[in-house]
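Here's query29.cif, which has mmCIF, C-alpha atoms:
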data_structure
loop_
_atom_site.label_atom_id
_atom_site.label_comp_id
_atom_site.auth_asym_id
_atom_site.auth_seq_id
_atom_site.Cartn_x
_atom_site.Cartn_y
_atom_site.Cartn_z
CA MET A 1 98.05 98.02 103.12
CA PHE A 2 100.20 100.64 101.36
CA TYR A 3 101.08 98.13 98.62
CA ILE A 4 97.44 97.35 97.84
CA GLY A 5 96.51 101.03 97.91
CA GLU A 6 99.25 101.93 95.47
CA ILE A 7 98.29 99.09 93.13
CA ALA A 8 94.72 100.42 93.18
CA ALA A 9 96.07 103.91 92.39
CA LEU A 10 98.07 102.44 89.53
CA LEU A 11 94.89 100.92 88.10
CA ILE A 12 93.27 104.35 88.33
CA CYS A 13 96.23 105.78 86.37
CA TRP A 14 95.68 103.20 83.63
CA LEU A 15 91.97 104.06 83.62
CA PHE A 16 92.82 107.74 83.20
CA TYR A 17 95.19 106.79 80.37
CA CYS A 18 92.23 105.10 78.65
CA GLU A 19 90.48 108.50 78.56
CA PHE A 20 93.56 109.95 76.83
CA TYR A 21 93.68 107.02 74.41
CA TRP A 22 90.01 107.45 73.51
CA MET A 23 90.73 111.09 72.71
CA LEU A 24 93.51 110.00 70.36
CA GLU A 25 91.27 107.37 68.80
CA ARG A 26 88.52 109.92 68.14
CA LYS A 27 91.06 112.27 66.54
CA VAL A 28 92.37 109.48 64.31
CA LEU A 29 88.83 108.39 63.36
CA LYS A 30 87.98 111.95 62.31
CA ALA A 31 90.96 112.03 59.93
CA CYS A 32 91.00 108.41 58.72
CA SER A 33 88.35 105.88 57.88
CA ARG A 34 87.91 102.73 59.96
CA GLN A 35 88.92 100.62 56.94
CA LEU A 36 92.20 102.52 56.54
CA ILE A 37 92.98 102.11 60.23
CA ASP A 38 92.16 98.38 60.12
CA LYS A 39 94.28 97.95 56.99
CA ARG A 40 97.37 99.80 58.24
CA CYS A 41 97.27 99.11 61.99
CA VAL A 42 97.60 95.35 62.16
CA LYS A 43 100.01 94.91 65.07
CA PHE A 44 99.18 95.67 68.70
CA ALA A 45 101.80 98.44 68.84
CA ASP A 46 100.26 100.05 65.75
CA ARG A 47 96.83 99.96 67.39
CA LEU A 48 98.21 101.42 70.60
CA PHE A 49 100.27 104.24 69.09
CA PHE A 50 98.60 104.72 65.66
CA THR A 51 102.06 104.91 64.08
CA PRO A 52 101.06 104.16 60.43
CA VAL A 53 98.28 106.79 60.44
CA SER A 54 99.73 109.37 62.85
CA GLY A 55 100.88 111.64 60.02
CA LYS A 56 97.54 111.61 58.27
CA ALA A 57 95.69 112.18 61.55
CA ARG A 58 98.09 115.02 62.45
CA LEU A 59 98.73 113.74 65.94
CA GLY A 60 102.00 115.62 66.27
CA THR A 61 103.11 115.87 69.88
CA LEU A 62 100.13 113.78 71.02
CA TYR A 63 101.79 110.79 69.34
CA TYR A 64 104.96 111.24 71.40
CA LEU A 65 102.99 112.02 74.54
CA ASN A 66 101.05 108.78 74.06
CA ARG A 67 104.26 106.80 73.75
CA LEU A 68 105.75 108.54 76.78
CA LEU A 69 102.67 107.83 78.91
CA VAL A 70 102.56 104.16 77.94
CA TYR A 71 106.24 103.62 78.69
CA PHE A 72 106.06 105.64 81.92
CA LEU A 73 103.03 103.70 83.15
CA ALA A 74 104.63 100.39 82.17
CA VAL A 75 107.80 101.23 84.13
CA LEU A 76 105.73 102.51 87.05
CA THR A 77 103.73 99.27 87.03
CA LEU A 78 106.93 97.26 87.06
CA VAL A 79 108.33 99.33 89.95
CA HIS A 80 105.07 98.94 91.87
CA LEU A 81 104.98 95.20 91.43
CA LEU A 82 108.65 94.58 92.16
CA PHE A 83 109.47 97.15 94.83
CA GLY A 84 106.13 98.38 96.18
CA TRP A 85 106.53 96.40 99.38
CA ALA A 86 109.90 97.99 100.27
CA ASP A 87 109.52 100.58 103.03
CA MET A 88 112.45 102.70 101.87
CA LEU A 89 110.92 103.23 98.40
CA GLN A 90 107.39 104.06 99.52
CA GLY A 91 107.97 107.82 99.44
CA ILE A 92 109.32 107.71 95.88
CA ILE A 93 106.53 105.39 94.72
CA ARG A 94 103.90 107.57 96.41
CA SER A 95 105.35 110.71 94.77
CA LEU A 96 105.53 109.19 91.27
CA THR A 97 102.03 107.78 91.57
CA THR A 98 100.69 111.10 92.83
CA CYS A 99 102.25 112.95 89.90
CA SER A 100 100.83 110.47 87.42
CA VAL A 101 97.36 110.53 89.03
CA ILE A 102 97.30 114.34 88.90
CA VAL A 103 98.65 114.69 85.35
CA LEU A 104 96.54 111.87 83.92
CA GLY A 105 93.57 112.96 86.04
CA ILE A 106 93.66 116.47 84.59
CA SER A 107 93.82 114.96 81.11
CA ALA A 108 90.93 112.65 81.99
CA LEU A 109 88.87 115.57 83.31
CA VAL A 110 89.42 117.49 80.10
CA ASN A 111 88.55 114.48 77.93
CA SER A 112 85.80 112.92 80.06
CA SER A 113 82.94 114.89 78.55
CA ALA A 114 83.90 113.97 74.99
CA SER A 115 84.50 110.37 76.04
CA ALA A 116 81.02 110.21 77.51
CA GLU A 117 79.60 111.44 74.19
CA TYR A 118 81.67 108.82 72.36
CA ILE A 119 80.34 106.05 74.60
CA CYS A 120 76.77 107.33 74.23
CA ALA A 121 77.12 107.31 70.44
CA ASN A 122 78.40 103.73 70.50
CA ILE A 123 75.53 102.45 72.66
CA ASN A 124 72.91 104.52 70.78
CA VAL A 125 71.92 106.87 73.61
CA THR A 126 70.28 109.83 71.91
CA ALA A 127 68.37 111.69 74.63
CA LYS A 128 70.15 114.93 75.53
CA ARG A 129 69.21 114.49 79.17
CA ASN A 130 70.86 111.06 79.34
CA ILE A 131 73.96 112.29 77.54
CA LEU A 132 74.25 115.22 79.97
CA LEU A 133 73.82 112.77 82.86
CA PHE A 134 76.63 110.56 81.50
CA LYS A 135 78.89 113.60 81.03
CA THR A 136 78.24 114.82 84.57
CA LEU A 137 78.80 111.37 86.07
CA SER A 138 82.06 111.02 84.15
CA ILE A 139 83.41 114.37 85.34
CA VAL A 140 82.32 113.79 88.94
CA SER A 141 83.76 110.27 89.04
CA VAL A 142 87.16 111.40 87.76
CA THR A 143 87.25 114.24 90.30
CA VAL A 144 86.26 111.91 93.14
CA LEU A 145 88.90 109.36 92.15
CA ILE A 146 91.63 112.01 92.21
CA LEU A 147 90.55 113.41 95.56
CA VAL A 148 90.13 109.99 97.17
CA TYR A 149 93.60 108.96 96.04
CA LEU A 150 95.14 112.17 97.36
CA TYR A 151 93.40 111.72 100.70
CA PHE A 152 94.36 108.10 101.18
CA ALA A 153 97.93 108.45 99.89
CA TRP A 154 98.88 111.54 101.86
CA ALA A 155 96.54 111.75 104.86
CA TYR A 156 95.70 108.13 105.65
CA PHE A 157 98.96 106.41 104.69
CA GLY A 158 101.18 109.44 105.24
#
Would you give me this structure, written as structure tokens?
Amino acid sequence: MFYIGEIAALLICWLFYCEFYWMLERKVLKACSRQLIDKRCVKFADRLFFTPVSGKARLGTLYYLNRLLVYFLAVLTLVHLLFGWADMLQGIIRSLTTCSVIVLGISALVNSSASAEYICANINVTAKRNILLFKTLSIVSVTVLILVYLYFAWAYFG
């Protein structure tokens, strides 16, 4: 049961990373046009890290933080999949996953309101009441996900 719970927590970490990525994407779109991004970012790695347009978008440390998060989550995913069943590594895996859920969760909380606005703009939601509802739901859902993980990882499985 621990293995499945930690895999679910890992999926939550990747979901929280998506909030961070959307923040980067919005920052790049403010500085560069969609045509410029499409023209320069042709490979998957370019789309993921915005390497060709990072200077123009003034990503700075966010560029390196994005790379660090992707590599950290990829290694954490590999460790989960290969060694998550081993009893002797469960404490280390639980600690690393908890740190990543908290760090990425705080980032997701900070970015969730703007991400909700971004999603509302893309699906043409214009009513202020609906946008506020989406923002509130986004913030509450991120908070609940963090608290549920902490409860299950440390109280239920601990």
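Using the PyMOL selection byres ((chain A and resi 150) around 12) on the file at hand returns these residues: Gly5, Glu6, Ala9, Arg94, Ser95, Thr97, Thr98, Cys99, Ser100, Val101, Ile102, Gly105, Thr143, Val144, Leu145, Ile146, Leu147, Val148, Tyr149, Tyr151, Phe152, Ala153, Trp154, Ala155, Tyr156, Phe157 and Gly158 of chain A.
For the structure shown here, the set of residues caught by the PyMOL selection byres ((chain A and resi 26-38) around 9) is Tyr21, Trp22, Met23, Leu24, Glu25, Lys39, Arg40, Cys41, Val42, Arg47, Phe50, Pro52, Val53, Ser54, Lys56, Ala57, Arg58, Leu59, Ser115 and Tyr118 of chain A.
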Margin query: As an exercise, work out the distance from atom CA of Gly84 of chain A to atom CA of Trp14 of chain A in Å and give it to one decimal place.
Written below: 17.0 Å
Margin query: Quick one: residues within 12 Å of Leu69 of chain A, only C-alpha atoms, excluding same-chain residues fewer than 6 positions away - as a list in words?
Written below: Cys13, Trp14, Phe16, Tyr17, Cys18, Phe20, Tyr21, Leu48, Phe49, Leu62, Tyr63, Val75, Leu76, Thr77, Ser100, Val101, Val103, Leu104 and Ser107 of chain A
Note to self: With the PyMOL selection byres ((chain A and resi 126-139) around 6) as the selection, what would be picked from this file? Answer as a VMD selection string, please.
What the structure shows: chain A and resid 109 112 to 113 116 125 140 to 142
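The shortest atom-to-atom distance to Val79 of chain A, with all atoms listed in the file taken into account, belongs to A:Tyr3 out of A:Leu65, A:Asn111, A:Gly55, A:Tyr3.
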Next item on the list: Quote the spacing between atom CA of Ile93 of chain A and atom CA of Leu73 of chain A in Å to one decimal place.
Entry: 12.2 Å
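The space separating atom CA of Ala74 of chain A from atom CA of Ile106 of chain A comes to 19.6 Å.
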